[in-house]
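**Student:** Structure file protein.cif (mmCIF, C-alpha atoms) is given on the next line.
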data_final
loop_
_atom_site.label_atom_id
_atom_site.label_comp_id
_atom_site.auth_asym_id
_atom_site.auth_seq_id
_atom_site.Cartn_x
_atom_site.Cartn_y
_atom_site.Cartn_z
CA MET A 205 4.83 66.56 -9.27
CA ARG A 206 4.89 66.29 -5.52
CA ARG A 207 2.03 63.82 -5.60
CA VAL A 208 3.86 61.69 -8.15
CA ARG A 209 6.98 61.63 -5.97
CA THR A 210 4.94 60.70 -2.92
CA LEU A 211 3.19 57.95 -4.86
CA ALA A 212 6.48 56.64 -6.26
CA GLY A 213 7.98 56.72 -2.79
CA ALA A 214 5.02 54.82 -1.37
CA ILE A 215 5.26 52.18 -4.12
CA ALA A 216 9.02 51.83 -3.57
CA LEU A 217 8.45 51.46 0.18
CA ALA A 218 5.75 48.86 -0.39
CA ILE A 219 7.98 46.87 -2.76
CA SER A 220 10.93 47.02 -0.36
CA CYS A 221 8.67 45.82 2.46
CA ILE A 222 7.47 42.89 0.36
CA VAL A 223 11.02 41.96 -0.70
CA ALA A 224 12.35 42.20 2.83
CA SER A 225 9.50 40.29 4.45
CA ALA A 226 9.26 37.37 2.01
CA PRO A 227 12.55 35.70 2.95
CA ALA A 228 11.82 36.24 6.65
CA GLY A 229 8.51 34.45 6.13
CA ASP A 230 10.29 31.60 4.38
CA LEU A 231 12.79 31.42 7.19
CA ALA A 232 10.02 31.38 9.76
CA ALA A 233 8.39 28.49 7.89
CA GLU A 234 11.74 26.74 7.76
CA ASN A 235 12.08 27.24 11.50
CA ARG A 236 8.68 25.62 11.94
CA LEU A 237 9.86 22.67 9.82
CA LEU A 238 13.06 22.40 11.86
CA GLU A 239 11.03 22.38 15.08
CA GLU A 240 8.99 19.46 13.76
CA GLU A 241 12.11 17.65 12.56
CA ILE A 242 13.63 17.99 16.01
CA LYS A 243 10.53 16.39 17.53
CA LEU A 244 10.66 13.58 14.96
CA SER A 245 14.38 13.06 15.47
CA LYS A 246 13.85 12.25 19.14
CA SER A 247 12.06 9.05 18.13
CA GLY A 248 14.96 7.72 16.05
CA LYS A 249 12.49 6.52 13.41
CA PRO A 250 12.75 7.46 9.73
CA TYR A 251 10.51 10.25 8.48
CA ILE A 252 9.69 11.85 5.16
CA VAL A 253 9.88 15.51 4.23
CA ILE A 254 8.15 16.37 0.96
CA ASP A 255 10.06 19.53 0.18
CA LEU A 256 8.12 20.99 -2.73
CA ALA A 257 10.12 24.21 -2.52
CA ALA A 258 13.39 22.36 -3.17
CA GLY A 259 11.79 19.76 -5.46
CA GLY A 260 12.66 16.62 -3.55
CA VAL A 261 11.24 14.00 -1.22
CA LEU A 262 13.70 13.55 1.62
CA LEU A 263 13.98 10.38 3.67
CA LYS A 264 15.59 11.30 6.97
CA VAL A 265 16.32 9.94 10.37
CA LYS A 266 17.57 12.06 13.26
CA GLY A 267 18.07 14.91 10.82
CA VAL A 268 20.40 12.73 8.72
CA LEU A 269 19.45 12.63 5.06
CA LEU A 270 19.32 8.99 3.99
CA ARG A 271 18.07 9.46 0.47
CA THR A 272 16.55 12.11 -1.81
CA PHE A 273 13.90 11.30 -4.41
CA PRO A 274 13.93 14.17 -6.92
CA ILE A 275 10.53 15.58 -7.93
CA GLU A 276 10.34 16.41 -11.63
CA SER A 277 7.18 18.49 -11.26
CA TRP A 278 4.43 18.95 -8.69
CA ARG A 279 1.08 20.56 -8.00
CA LEU A 280 -0.55 21.43 -4.72
CA TRP A 281 -4.29 21.64 -4.18
CA GLY A 282 -5.87 23.15 -1.11
CA GLY A 283 -3.12 25.50 0.00
CA ALA A 284 0.00 25.18 2.09
CA THR A 285 0.10 22.83 5.05
CA ASP A 286 0.72 23.81 8.64
CA LEU A 287 3.92 21.64 8.60
CA ARG A 288 2.47 19.28 11.17
CA PRO A 289 3.81 15.73 10.75
CA LEU A 290 1.13 13.36 9.52
CA LEU A 291 1.29 9.59 9.49
CA LEU A 292 0.90 7.70 6.26
CA ALA A 293 -2.47 6.03 6.69
CA GLY A 294 -2.58 4.01 3.49
CA ARG A 295 -1.19 3.38 0.04
CA LYS A 296 -3.25 2.55 -3.02
CA ALA A 297 -2.01 1.26 -6.32
CA THR A 298 -3.69 -0.41 -9.25
CA ARG A 299 -1.28 -3.27 -8.91
CA GLU A 300 -0.26 -3.79 -5.28
CA PRO A 301 3.01 -5.68 -4.81
CA GLU A 302 2.52 -9.17 -3.41
CA ARG A 303 4.92 -11.11 -1.27
CA PRO A 304 5.92 -14.50 -2.69
CA GLU A 305 4.95 -17.35 -0.41
CA LEU A 306 6.93 -20.53 0.11
CA HIS A 307 5.05 -23.68 0.98
CA PRO A 308 7.75 -26.30 1.41
CA GLU A 309 6.93 -29.97 1.47
CA VAL A 310 6.64 -31.87 4.71
CA ALA A 311 10.08 -32.65 6.14
CA ALA A 312 11.73 -35.75 4.71
CA ALA A 313 12.34 -38.75 6.91
CA PRO A 314 15.57 -38.80 8.96
CA GLY A 315 18.47 -40.25 7.02
CA THR A 316 17.37 -38.76 3.70
CA PRO A 317 20.32 -36.95 2.09
CA PRO A 318 19.99 -33.13 2.19
CA LYS A 319 19.37 -31.13 -0.95
CA ALA A 320 22.43 -29.91 -2.84
CA GLU A 321 23.44 -26.28 -2.16
CA PRO A 322 23.40 -23.88 -5.11
CA GLU A 323 26.76 -23.47 -6.81
CA PRO A 324 28.63 -20.47 -5.39
CA SER A 325 30.24 -18.14 -7.89
CA PRO A 326 33.32 -15.98 -7.26
CA SER A 327 32.25 -13.13 -9.56
CA PRO A 328 30.47 -10.12 -8.02
CA VAL A 329 27.36 -8.74 -9.66
CA ASP A 330 27.86 -6.30 -12.53
CA PRO A 331 25.00 -3.78 -12.80
CA THR A 332 25.68 -3.36 -16.55
CA LYS A 333 25.06 -7.04 -17.27
CA PRO A 334 21.59 -8.51 -17.77
CA ARG A 335 19.68 -9.32 -14.59
CA GLU A 336 19.80 -12.68 -12.95
CA PRO A 337 16.96 -15.09 -13.58
CA GLU A 338 13.74 -14.69 -11.63
CA LEU A 339 14.05 -15.16 -7.90
CA GLU A 340 11.35 -15.76 -5.35
CA ALA A 341 11.64 -12.27 -3.92
CA LEU A 342 9.91 -8.94 -3.48
CA GLU A 343 12.15 -6.47 -5.25
CA LEU A 344 12.21 -2.81 -6.19
CA ARG A 345 10.98 -3.57 -9.71
CA ASP A 346 7.83 -5.14 -8.20
CA MET A 347 6.83 -1.81 -6.69
CA PRO A 348 4.19 0.31 -8.47
CA ILE A 349 5.15 3.44 -10.38
CA GLU A 350 1.74 5.13 -10.07
CA TYR A 351 -0.01 5.19 -6.72
CA TYR A 352 -1.74 7.25 -4.03
CA LEU A 353 -0.45 7.95 -0.55
CA ASP A 354 -3.17 8.91 1.92
CA LEU A 355 -2.16 10.79 5.05
CA GLU A 356 -4.06 10.59 8.32
CA ASP A 357 -5.79 13.96 7.85
CA GLY A 358 -7.14 12.99 4.42
CA THR A 359 -4.39 14.65 2.39
CA ARG A 360 -3.87 12.66 -0.77
CA ILE A 361 -0.47 12.45 -2.48
CA MET A 362 -0.58 11.26 -6.08
CA VAL A 363 2.69 9.86 -7.41
CA LYS A 364 3.45 8.88 -10.97
CA ASN A 365 6.15 9.06 -13.60
CA ALA A 366 6.31 11.40 -16.59
CA PRO A 367 4.49 9.86 -19.55
CA VAL A 368 6.61 8.20 -22.23
CA GLY A 369 4.97 6.94 -25.41
CA TRP A 370 1.41 7.47 -26.61
CA LYS A 371 -0.20 4.95 -24.25
CA GLU A 372 1.25 6.62 -21.19
CA LYS A 373 0.43 10.06 -22.58
CA LEU A 374 -3.17 8.96 -23.00
CA GLY A 375 -3.12 7.70 -19.44
CA HIS A 376 -1.68 11.02 -18.36
CA VAL A 377 -4.68 12.85 -19.84
CA TRP A 378 -6.92 10.74 -17.58
CA TYR A 379 -4.61 11.55 -14.67
CA GLN A 380 -5.01 15.29 -15.42
CA VAL A 381 -8.79 14.92 -15.58
CA LYS A 382 -8.76 13.13 -12.22
CA TRP A 383 -6.73 16.00 -10.79
CA TRP A 384 -8.69 18.93 -12.22
CA VAL A 385 -12.13 17.40 -11.73
CA GLY A 386 -11.47 15.06 -8.83
CA SER A 387 -9.84 17.69 -6.63
CA PRO A 388 -12.74 20.20 -6.81
CA TRP A 389 -15.17 17.32 -6.31
CA GLN A 390 -13.34 16.11 -3.22
CA THR A 391 -13.11 19.69 -1.93
CA ILE A 392 -16.89 20.07 -2.18
CA ARG A 393 -17.59 16.60 -0.81
CA GLN A 394 -15.26 16.95 2.18
CA GLY A 395 -16.24 20.58 2.67
CA MET A 396 -19.76 19.36 3.43
CA GLY A 397 -18.28 17.41 6.32
CA LYS A 398 -16.39 20.52 7.47
CA ARG A 399 -13.11 19.00 6.38
CA HIS A 400 -10.50 20.63 4.23
CA TYR A 401 -9.27 18.65 1.25
CA ARG A 402 -5.63 18.91 0.28
CA ALA A 403 -3.80 17.03 -2.44
CA VAL A 404 -0.31 16.91 -3.88
CA SER A 405 0.55 15.58 -7.31
CA MET A 406 4.19 14.60 -7.83
CA ILE A 407 5.90 13.41 -10.99
CA LEU A 408 8.99 11.33 -10.20
CA GLY A 409 11.35 9.26 -12.31
CA PRO A 410 10.02 5.67 -12.61
CA GLU A 411 12.67 4.12 -10.37
CA ASP A 412 12.42 6.95 -7.84
CA ALA A 413 8.65 6.46 -7.71
CA GLN A 414 9.16 2.75 -7.03
CA ALA A 415 11.89 3.44 -4.47
CA LEU A 416 9.67 5.96 -2.66
CA TYR A 417 6.91 3.36 -2.41
CA TRP A 418 9.47 0.95 -0.96
CA ALA A 419 10.90 3.44 1.53
CA PHE A 420 7.59 4.93 2.68
CA PRO A 421 5.69 2.26 4.63
CA GLU A 422 2.48 2.97 6.47
CA GLU A 423 2.73 4.76 9.84
CA THR A 424 5.77 6.74 8.64
CA PRO A 425 5.49 10.42 9.64
CA CYS A 426 5.50 12.87 6.76
CA VAL A 427 5.77 16.65 6.56
CA ILE A 428 4.79 18.56 3.43
CA TYR A 429 6.85 21.71 3.06
CA SER A 430 5.51 23.94 0.32
CA PRO A 431 6.67 27.37 -0.84
CA MET B 115 -29.95 18.45 -30.61
CA ALA B 116 -30.67 16.60 -27.40
CA VAL B 117 -27.13 15.25 -27.37
CA LEU B 118 -25.75 18.74 -27.81
CA ALA B 119 -27.90 20.04 -24.97
CA LEU B 120 -26.80 17.15 -22.78
CA GLY B 121 -23.17 17.82 -23.63
CA LEU B 122 -23.52 21.51 -22.87
CA THR B 123 -25.24 20.75 -19.57
CA GLY B 124 -22.41 18.39 -18.66
CA LEU B 125 -19.84 21.00 -19.59
CA VAL B 126 -21.58 23.67 -17.53
CA PHE B 127 -21.79 21.23 -14.61
CA LEU B 128 -18.08 20.54 -14.88
CA VAL B 129 -17.18 24.23 -15.06
CA VAL B 130 -19.37 24.99 -12.03
CA LEU B 131 -17.89 22.01 -10.15
CA VAL B 132 -14.33 23.11 -10.85
CA ALA B 133 -15.10 26.75 -10.05
CA VAL B 134 -16.88 25.99 -6.77
CA GLY B 135 -14.25 23.47 -5.75
CA THR B 136 -11.45 25.88 -6.53
CA VAL B 137 -13.04 28.70 -4.56
CA MET B 138 -13.76 26.38 -1.63
CA SER B 139 -10.21 25.06 -1.61
CA ARG B 140 -8.89 28.61 -1.29
CA ARG B 141 -11.43 29.88 1.20
CA GLY B 142 -11.59 26.82 3.36
CA SER B 143 -7.91 26.35 4.02
CA ALA B 144 -7.46 24.78 7.41
CA VAL B 145 -4.19 26.64 7.84
CA PRO B 146 -4.48 29.99 9.54
CA ALA B 147 -2.23 32.64 8.09
CA ASP B 148 0.08 32.59 11.08
CA ALA B 149 0.13 28.82 11.57
CA ARG B 150 3.45 28.53 9.81
CA GLU B 151 5.07 31.11 12.03
CA PRO B 152 4.16 30.18 15.59
CA ASP B 153 5.96 31.78 18.49
CA VAL B 154 8.44 33.46 16.17
CA PRO B 155 9.25 37.07 16.78
CA ALA B 156 8.62 39.32 13.83
CA ASP B 157 12.15 40.61 14.04
CA ARG B 158 14.22 39.23 11.18
CA ALA B 159 17.43 38.98 13.21
CA ALA B 160 15.62 36.98 15.84
CA ILE B 161 14.22 34.64 13.18
CA GLU B 162 17.70 34.11 11.76
CA ALA B 163 19.15 33.48 15.19
CA ARG B 164 16.43 30.96 15.91
CA ASN B 165 17.09 29.28 12.56
CA ARG B 166 20.76 28.85 13.47
CA ALA B 167 19.88 27.51 16.90
CA LEU B 168 17.35 25.02 15.50
CA ARG B 169 19.77 23.79 12.84
CA LYS B 170 22.42 23.26 15.49
CA LYS B 171 19.98 21.37 17.66
CA LEU B 172 18.90 19.14 14.77
CA THR B 173 22.50 18.46 13.79
CA GLY B 174 23.06 17.40 17.39
CA PHE B 175 20.92 14.30 16.83
CA ALA B 176 23.11 13.05 13.97
CA PRO B 177 25.94 10.64 14.79
CA LYS B 178 29.27 12.36 15.33
CA THR B 179 31.19 9.25 14.31
CA PRO B 180 30.90 7.25 11.04
CA TYR B 181 27.71 5.28 10.58
CA ILE B 182 26.28 2.67 8.25
CA VAL B 183 23.33 3.29 5.92
CA ILE B 184 21.66 0.34 4.18
CA ASP B 185 19.27 0.89 1.28
CA THR B 186 17.27 -2.34 1.03
CA ALA B 187 15.57 -1.27 -2.22
CA ARG B 188 18.80 -0.84 -4.15
CA ASN B 189 20.78 -3.32 -2.03
CA ARG B 190 23.49 -0.81 -1.29
CA LEU B 191 25.46 -0.15 1.88
CA PHE B 192 27.18 3.13 2.65
CA TYR B 193 29.68 3.76 5.39
CA ARG B 194 29.35 7.48 5.97
CA LYS B 195 30.75 10.24 8.09
CA GLY B 196 28.32 13.13 7.99
CA GLU B 197 27.40 13.49 4.32
CA GLN B 198 30.70 12.00 3.14
CA VAL B 199 30.61 8.42 1.84
CA LEU B 200 33.69 6.59 3.07
CA ARG B 201 32.77 3.27 1.47
CA ALA B 202 29.96 2.06 -0.77
CA ALA B 203 29.15 -1.61 -1.26
CA VAL B 204 26.72 -3.80 -3.15
CA VAL B 205 24.93 -6.09 -0.69
CA SER B 206 22.03 -8.52 -0.48
CA THR B 207 19.10 -7.86 1.82
CA GLY B 208 15.82 -9.55 2.75
CA SER B 209 13.78 -11.30 0.07
CA GLY B 210 10.41 -10.33 1.50
CA VAL B 211 9.28 -13.93 1.05
CA VAL B 212 6.79 -15.47 3.44
CA LEU B 213 7.60 -19.03 4.51
CA LYS B 214 4.75 -21.11 5.85
CA GLU B 215 5.38 -24.19 7.88
CA PRO B 216 3.66 -27.22 6.36
CA ASN B 217 0.94 -28.54 8.64
CA GLY B 218 1.94 -25.91 11.16
CA LYS B 219 0.87 -22.54 12.42
CA ARG B 220 4.20 -20.80 12.16
CA SER B 221 5.24 -18.46 9.37
CA TRP B 222 8.24 -16.23 8.77
CA THR B 223 8.62 -13.08 6.68
CA PHE B 224 12.15 -12.62 5.41
CA ASP B 225 12.52 -8.85 5.61
CA THR B 226 15.57 -6.91 6.63
CA PRO B 227 14.33 -4.83 9.56
CA ARG B 228 14.19 -1.09 9.03
CA GLY B 229 15.07 1.69 11.40
CA GLU B 230 17.94 2.62 13.66
CA TYR B 231 20.27 -0.07 14.95
CA ALA B 232 23.85 -0.27 16.23
CA VAL B 233 26.71 -2.72 15.88
CA ARG B 234 26.35 -4.75 19.07
CA SER B 235 28.74 -7.61 18.44
CA LYS B 236 31.62 -8.52 16.17
CA ALA B 237 32.92 -12.00 15.42
CA THR B 238 35.53 -13.59 13.20
CA ASN B 239 34.84 -16.92 11.49
CA PRO B 240 31.28 -16.87 12.76
CA MET B 241 29.24 -20.03 12.89
CA TRP B 242 25.64 -20.08 11.86
CA ILE B 243 23.22 -21.64 14.30
CA LYS B 244 20.53 -22.66 11.88
CA PRO B 245 17.08 -21.68 13.12
CA ASP B 246 13.95 -23.78 12.54
CA TRP B 247 12.98 -21.98 9.34
CA ALA B 248 16.24 -22.99 7.66
CA PHE B 249 15.30 -26.65 8.02
CA ILE B 250 11.66 -26.11 7.16
CA GLU B 251 12.57 -24.17 4.02
CA ASP B 252 14.77 -27.04 2.87
CA GLY B 253 12.12 -29.62 3.71
CA GLU B 254 14.32 -31.19 6.36
CA PRO B 255 13.22 -32.44 9.77
CA LEU B 256 14.13 -30.30 12.77
CA PRO B 257 17.26 -31.76 14.41
CA SER B 258 17.07 -33.02 17.94
CA ASP B 259 20.79 -32.47 18.45
CA TYR B 260 21.88 -28.84 18.84
CA GLY B 261 25.18 -29.66 17.12
CA ASP B 262 23.31 -30.39 13.90
CA ARG B 263 22.28 -26.75 13.78
CA VAL B 264 25.82 -25.43 13.72
CA GLU B 265 27.15 -24.61 10.27
CA GLU B 266 30.60 -23.20 9.52
CA GLY B 267 31.65 -21.01 6.61
CA THR B 268 28.17 -19.91 5.53
CA LEU B 269 28.48 -16.46 7.11
CA GLY B 270 31.92 -15.67 5.66
CA ASP B 271 34.93 -14.42 7.60
CA TYR B 272 33.22 -11.83 9.79
CA ALA B 273 29.84 -10.99 11.27
CA LEU B 274 28.60 -7.77 12.83
CA GLY B 275 25.51 -8.27 14.96
CA ILE B 276 22.86 -5.53 15.07
CA GLY B 277 20.48 -7.28 17.47
CA ASN B 278 17.42 -9.53 17.31
CA GLY B 279 19.43 -12.20 15.51
CA TYR B 280 20.27 -10.01 12.51
CA PHE B 281 23.83 -9.74 11.21
CA LEU B 282 25.89 -8.05 8.56
CA HIS B 283 27.97 -10.98 7.32
CA GLY B 284 29.76 -12.53 4.37
CA THR B 285 28.38 -14.83 1.73
CA LEU B 286 29.24 -17.75 -0.48
CA TYR B 287 26.78 -16.54 -3.10
CA THR B 288 28.53 -13.41 -4.33
CA ARG B 289 26.74 -13.51 -7.68
CA LEU B 290 23.54 -12.69 -5.82
CA LEU B 291 24.94 -9.48 -4.34
CA GLY B 292 22.64 -6.67 -5.42
CA ARG B 293 19.54 -8.83 -5.15
CA ASN B 294 16.95 -9.32 -2.41
CA VAL B 295 17.67 -12.90 -1.47
CA THR B 296 18.41 -13.14 2.23
CA HIS B 297 16.33 -14.20 5.20
CA GLY B 298 16.76 -10.75 6.76
CA CYS B 299 20.49 -10.50 7.36
CA VAL B 300 22.67 -8.30 5.16
CA ARG B 301 25.18 -10.20 3.04
CA ILE B 302 28.31 -8.31 2.09
CA GLY B 303 31.22 -9.15 -0.26
CA ASP B 304 34.51 -10.21 1.32
CA GLU B 305 36.53 -7.00 0.84
CA ASP B 306 33.73 -4.66 1.91
CA LEU B 307 32.98 -6.85 4.91
CA GLU B 308 36.61 -6.82 6.01
CA TYR B 309 36.69 -3.02 5.64
CA LEU B 310 33.59 -2.69 7.81
CA PHE B 311 34.85 -5.14 10.37
CA ARG B 312 38.11 -3.22 10.75
CA ASN B 313 36.61 0.29 10.67
CA ALA B 314 33.18 0.12 12.30
CA PRO B 315 33.60 -0.22 16.07
CA LEU B 316 30.99 -1.53 18.46
CA GLY B 317 28.25 1.05 18.86
CA THR B 318 28.40 2.21 15.23
CA LYS B 319 24.92 3.35 14.23
CA VAL B 320 23.20 1.42 11.45
CA TYR B 321 20.30 3.02 9.58
CA ILE B 322 18.26 0.68 7.42
CA PHE B 323 15.52 1.77 5.04
#
Written as structure tokens, how would this file's structure read?
**Tutor:**
Amino acid sequence: MRRVRTLAGAIALAISCIVASAPAGDLAAENRLLEEEIKLSKSGKPYIVIDLAAGGVLLKVKGVLLRTFPIESWRLWGGATDLRPLLLAGRKATREPERPELHPEVAAAPGTPPKAEPEPSPSPVDPTKPREPELEALELRDMPIEYYLDLEDGTRIMVKNAPVGWKEKLGHVWYQVKWWVGSPWQTIRQGMGKRHYRAVSMILGPEDAQALYWAFPEETPCVIYSP
Amino acid sequence: MAVLALGLTGLVFLVVLVAVGTVMSRRGSAVPADAREPDVPADRAAIEARNRALRKKLTGFAPKTPYIVIDTARNRLFYRKGEQVLRAAVVSTGSGVVLKEPNGKRSWTFDTPRGEYAVRSKATNPMWIKPDWAFIEDGEPLPSDYGDRVEEGTLGDYALGIGNGYFLHGTLYTRLLGRNVTHGCVRIGDEDLEYLFRNAPLGTKVYIF
């Protein structure tokens, strides 16, 4: 009986230790993140925090939250990061957005009447109405929905939307295969070069995925904060 | 039979690959166990105190007065104080178009610049001094007379300069608000522009992303 009590007491003590220490560990990690954010804020440049614990990608500057891109679901391969800010080294998409180019004609001779200005309209844009005709512009809708973000240490972030319809679901199967086979393969391949492979897969809403691509240019510092 | 054997071999290879990769990813983590808790005392109270201090320090970087946030992807402008949105507006930002000078070496990219800026000048009934690209884009010869570059009314009733020749200003083309159509400036509707002009003093921070 005495042994049982001692054992129960030991288990209770162990559980209480685990419960008490877990939040402190989280807080310590949060402190580490705050330290890095303070360093980044000194530059005045925007930075990205991929907060997997809270389920959002945060675009911030000087600690001010400019925009949140909600993460619908995520996976992390290769363990938690050390919260060190890493620069975005490159972005890869099947269909990279291209800037439209204008090649105007050679200037007309002096005295030629100027071209007519477009007709101004007094009505402001209504988001519920159909879009305006095509413009020569690089817009949000031109951004890819599925793409890779490669950080300077080799960490790969895979972004895509949740599959809708059978074609996308079929594509999602391929995406899963790439994750479950590609990640171990990369781990082995990079492990041979004494490098640690880490990857994050994030499912975002289609417009959020496009907006993240827009708001996350190369050379932007990024911190991955995982639970 | 040979196909079956080949398939089984492939399956075994895949299973081994995944298993080895998974084990390596766990064993070979570059993050030491204590890397996420550097220089932090084990004492919980101390960790909490440090958390409060760090949060306060980070908050100290944020503007104490209202500031402007411009989202160039959605073409939205927010006049904010802390997290509170005082005014939201639909705007037009840079088209991202590249203009190439015919028979020339110059080119221009019409992006709205991103980053941290501040309102550095304010003007009523501003005049637009048309730069070279405005003439080249329209296929017109560059004027020899400076006066031919001056255009009234194009920029609306007010303009707030943020430096490097970029302005938050009005527009004649209000139907294009919400689209990426500008040469880099931020076009704002009349009422929102007047609000900003009256409420955002010189020095107001402008964050563009």
**Student:** Can you list, as a PDB file with C-alpha atoms, keeping the file's coordinate frame, every protein, DNA or RNA residue that comes within 6 Å of Ile302 in chain B when you count all atoms listed in the file, leaving out same-chain residues fewer than 2 positions away?
**Tutor:**
ATOM      1  CA  VAL B 205      24.930  -6.090  -0.690  1.00  0.00           C
ATOM      2  CA  HIS B 283      27.970 -10.980   7.320  1.00  0.00           C
ATOM      3  CA  GLY B 284      29.760 -12.530   4.370  1.00  0.00           C
ATOM      4  CA  LEU B 307      32.980  -6.850   4.910  1.00  0.00           C
TER       5      LEU B 307
END
**Student:** Given the PyMOL selection byres ((chain B) within 6 of (chain A)) and the file above, list the residues it selects as JSON, numbers by chain.
**Tutor:** {"B": [132, 135, 136, 139, 145, 149, 150, 151, 158, 165, 172, 175, 176, 187, 209, 210, 211, 212, 213, 214, 216, 229, 251, 253, 254, 255, 286, 287, 288, 289, 291]}
**Student:** Any idea what's packed within 10 Å of Glu423 in chain A, counting all atoms listed in the file, ignoring anything in its chain fewer than 2 positions away? Could you give it as a list in words?
**Tutor:**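 Everything that qualifies: Tyr251, Leu290, Leu291, Leu292, Ala293, Gly294, Leu355, Glu356, Phe420, Pro421, Pro425 and Cys426 of chain A.
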**Student:** Please indicate the distance in Å from CA of Gly260 in chain A to CA of Leu374 in chain A, rounded to one decimal place.
**Tutor:**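 Computing the Euclidean distance for CA of Gly260 in chain A and CA of Leu374 in chain A yields 26.2 Å.
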**Student:** List, as a compact mmCIF listing (two decimals) with C-alpha atoms, keeping the file's coordinate frame, every residue that the PyMOL selection byres ((chain B and resi 188-204) around 8) selects in the file provided.
**Tutor:**
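The result, stored in part20.txt:
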# COMPACT_ATOMS: atom_id res chain seq x y z
CA VAL A 268 20.40 12.73 8.72
CA LEU A 344 12.21 -2.81 -6.19
CA ALA B 176 23.11 13.05 13.97
CA PRO B 177 25.94 10.64 14.79
CA LYS B 178 29.27 12.36 15.33
CA THR B 179 31.19 9.25 14.31
CA PRO B 180 30.90 7.25 11.04
CA TYR B 181 27.71 5.28 10.58
CA ILE B 182 26.28 2.67 8.25
CA VAL B 183 23.33 3.29 5.92
CA ILE B 184 21.66 0.34 4.18
CA ASP B 185 19.27 0.89 1.28
CA THR B 186 17.27 -2.34 1.03
CA ALA B 187 15.57 -1.27 -2.22
CA VAL B 205 24.93 -6.09 -0.69
CA SER B 206 22.03 -8.52 -0.48
CA THR B 207 19.10 -7.86 1.82
CA LEU B 291 24.94 -9.48 -4.34
CA GLY B 292 22.64 -6.67 -5.42
CA ARG B 293 19.54 -8.83 -5.15
CA ASN B 294 16.95 -9.32 -2.41
CA ILE B 302 28.31 -8.31 2.09
CA GLY B 303 31.22 -9.15 -0.26
CA ASP B 306 33.73 -4.66 1.91
CA LEU B 310 33.59 -2.69 7.81
**Student:** Considering only C-alpha atoms, can you say which of B:Asp304, B:Glu266, B:Asp259, B:Asp246 comes closest to Trp222 in chain B?
**Tutor:**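 Ranked by minimum distance to Trp222 in chain B, first place goes to B:Asp246.
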**Student:** What is the distance between CA of Ala258 in chain A and CA of Tyr352 in chain A, in Å to one decimal?
**Tutor:** 21.4 Å
**Student:** Select all residues near (11.0, 8.1, -12.0) (cut-off 8 Å, inclusive, file coordinates), counting all atoms listed in the file, and output them as a list in words.
**Tutor:**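 Collected hits near the coordinates: Ile349, Lys364, Asn365, Ala366, Ile407, Leu408, Gly409, Pro410, Glu411, Asp412, Ala413 and Gln414 of chain A.
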**Student:** With C-alpha atoms retained, write the just-selected residues as a PDB file, in the frame of the given file.
**Tutor:**
ATOM      1  CA  ILE A 349       5.150   3.440 -10.380  1.00  0.00           C
ATOM      2  CA  LYS A 364       3.450   8.880 -10.970  1.00  0.00           C
ATOM      3  CA  ASN A 365       6.150   9.060 -13.600  1.00  0.00           C
ATOM      4  CA  ALA A 366       6.310  11.400 -16.590  1.00  0.00           C
ATOM      5  CA  ILE A 407       5.900  13.410 -10.990  1.00  0.00           C
ATOM      6  CA  LEU A 408       8.990  11.330 -10.200  1.00  0.00           C
ATOM      7  CA  GLY A 409      11.350   9.260 -12.310  1.00  0.00           C
ATOM      8  CA  PRO A 410      10.020   5.670 -12.610  1.00  0.00           C
ATOM      9  CA  GLU A 411      12.670   4.120 -10.370  1.00  0.00           C
ATOM     10  CA  ASP A 412      12.420   6.950  -7.840  1.00  0.00           C
ATOM     11  CA  ALA A 413       8.650   6.460  -7.710  1.00  0.00           C
ATOM     12  CA  GLN A 414       9.160   2.750  -7.030  1.00  0.00           C
TER      13      GLN A 414
END
**Student:** Quick one: distance from CA of Pro367 in chain A to CA of Asp346 in chain A in Å, one decimal?
**Tutor:** 19.1 Å
**Student:** With all atoms listed in the file as the basis for distance, which of B:Asp262, B:Asp271, B:Asp157, B:Glu230 is at the shortest distance from Lys319 in chain B?
**Tutor:**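 Counting all atoms listed in the file, the residue closest to Lys319 in chain B is B:Glu230.
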**Student:** Since fewer atoms than expected are present, regenerate N, CA and C atoms for range 126-132 of chain B and write them as an mmCIF file, in the frame of the given file.
**Tutor:**
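The new file part_39.cif reads:
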data_model
loop_
_atom_site.group_PDB
_atom_site.id
_atom_site.type_symbol
_atom_site.label_atom_id
_atom_site.label_comp_id
_atom_site.auth_asym_id
_atom_site.auth_seq_id
_atom_site.Cartn_x
_atom_site.Cartn_y
_atom_site.Cartn_z
ATOM 1 N N VAL B 126 -21.264 22.619 -18.517
ATOM 2 C CA VAL B 126 -21.580 23.670 -17.530
ATOM 3 C C VAL B 126 -21.418 23.106 -16.117
ATOM 4 N N PHE B 127 -21.906 21.873 -15.933
ATOM 5 C CA PHE B 127 -21.790 21.230 -14.610
ATOM 6 C C PHE B 127 -20.308 21.112 -14.211
ATOM 7 N N LEU B 128 -19.498 20.700 -15.161
ATOM 8 C CA LEU B 128 -18.080 20.540 -14.880
ATOM 9 C C LEU B 128 -17.428 21.867 -14.519
ATOM 10 N N VAL B 129 -17.766 22.900 -15.304
ATOM 11 C CA VAL B 129 -17.180 24.230 -15.060
ATOM 12 C C VAL B 129 -17.592 24.729 -13.680
ATOM 13 N N VAL B 130 -18.877 24.543 -13.346
ATOM 14 C CA VAL B 130 -19.370 24.990 -12.030
ATOM 15 C C VAL B 130 -18.675 24.201 -10.919
ATOM 16 N N LEU B 131 -18.541 22.864 -11.143
ATOM 17 C CA LEU B 131 -17.890 22.010 -10.150
ATOM 18 C C LEU B 131 -16.465 22.473 -9.897
ATOM 19 N N VAL B 132 -15.729 22.701 -10.983
ATOM 20 C CA VAL B 132 -14.330 23.110 -10.850
ATOM 21 C C VAL B 132 -14.248 24.481 -10.184
#
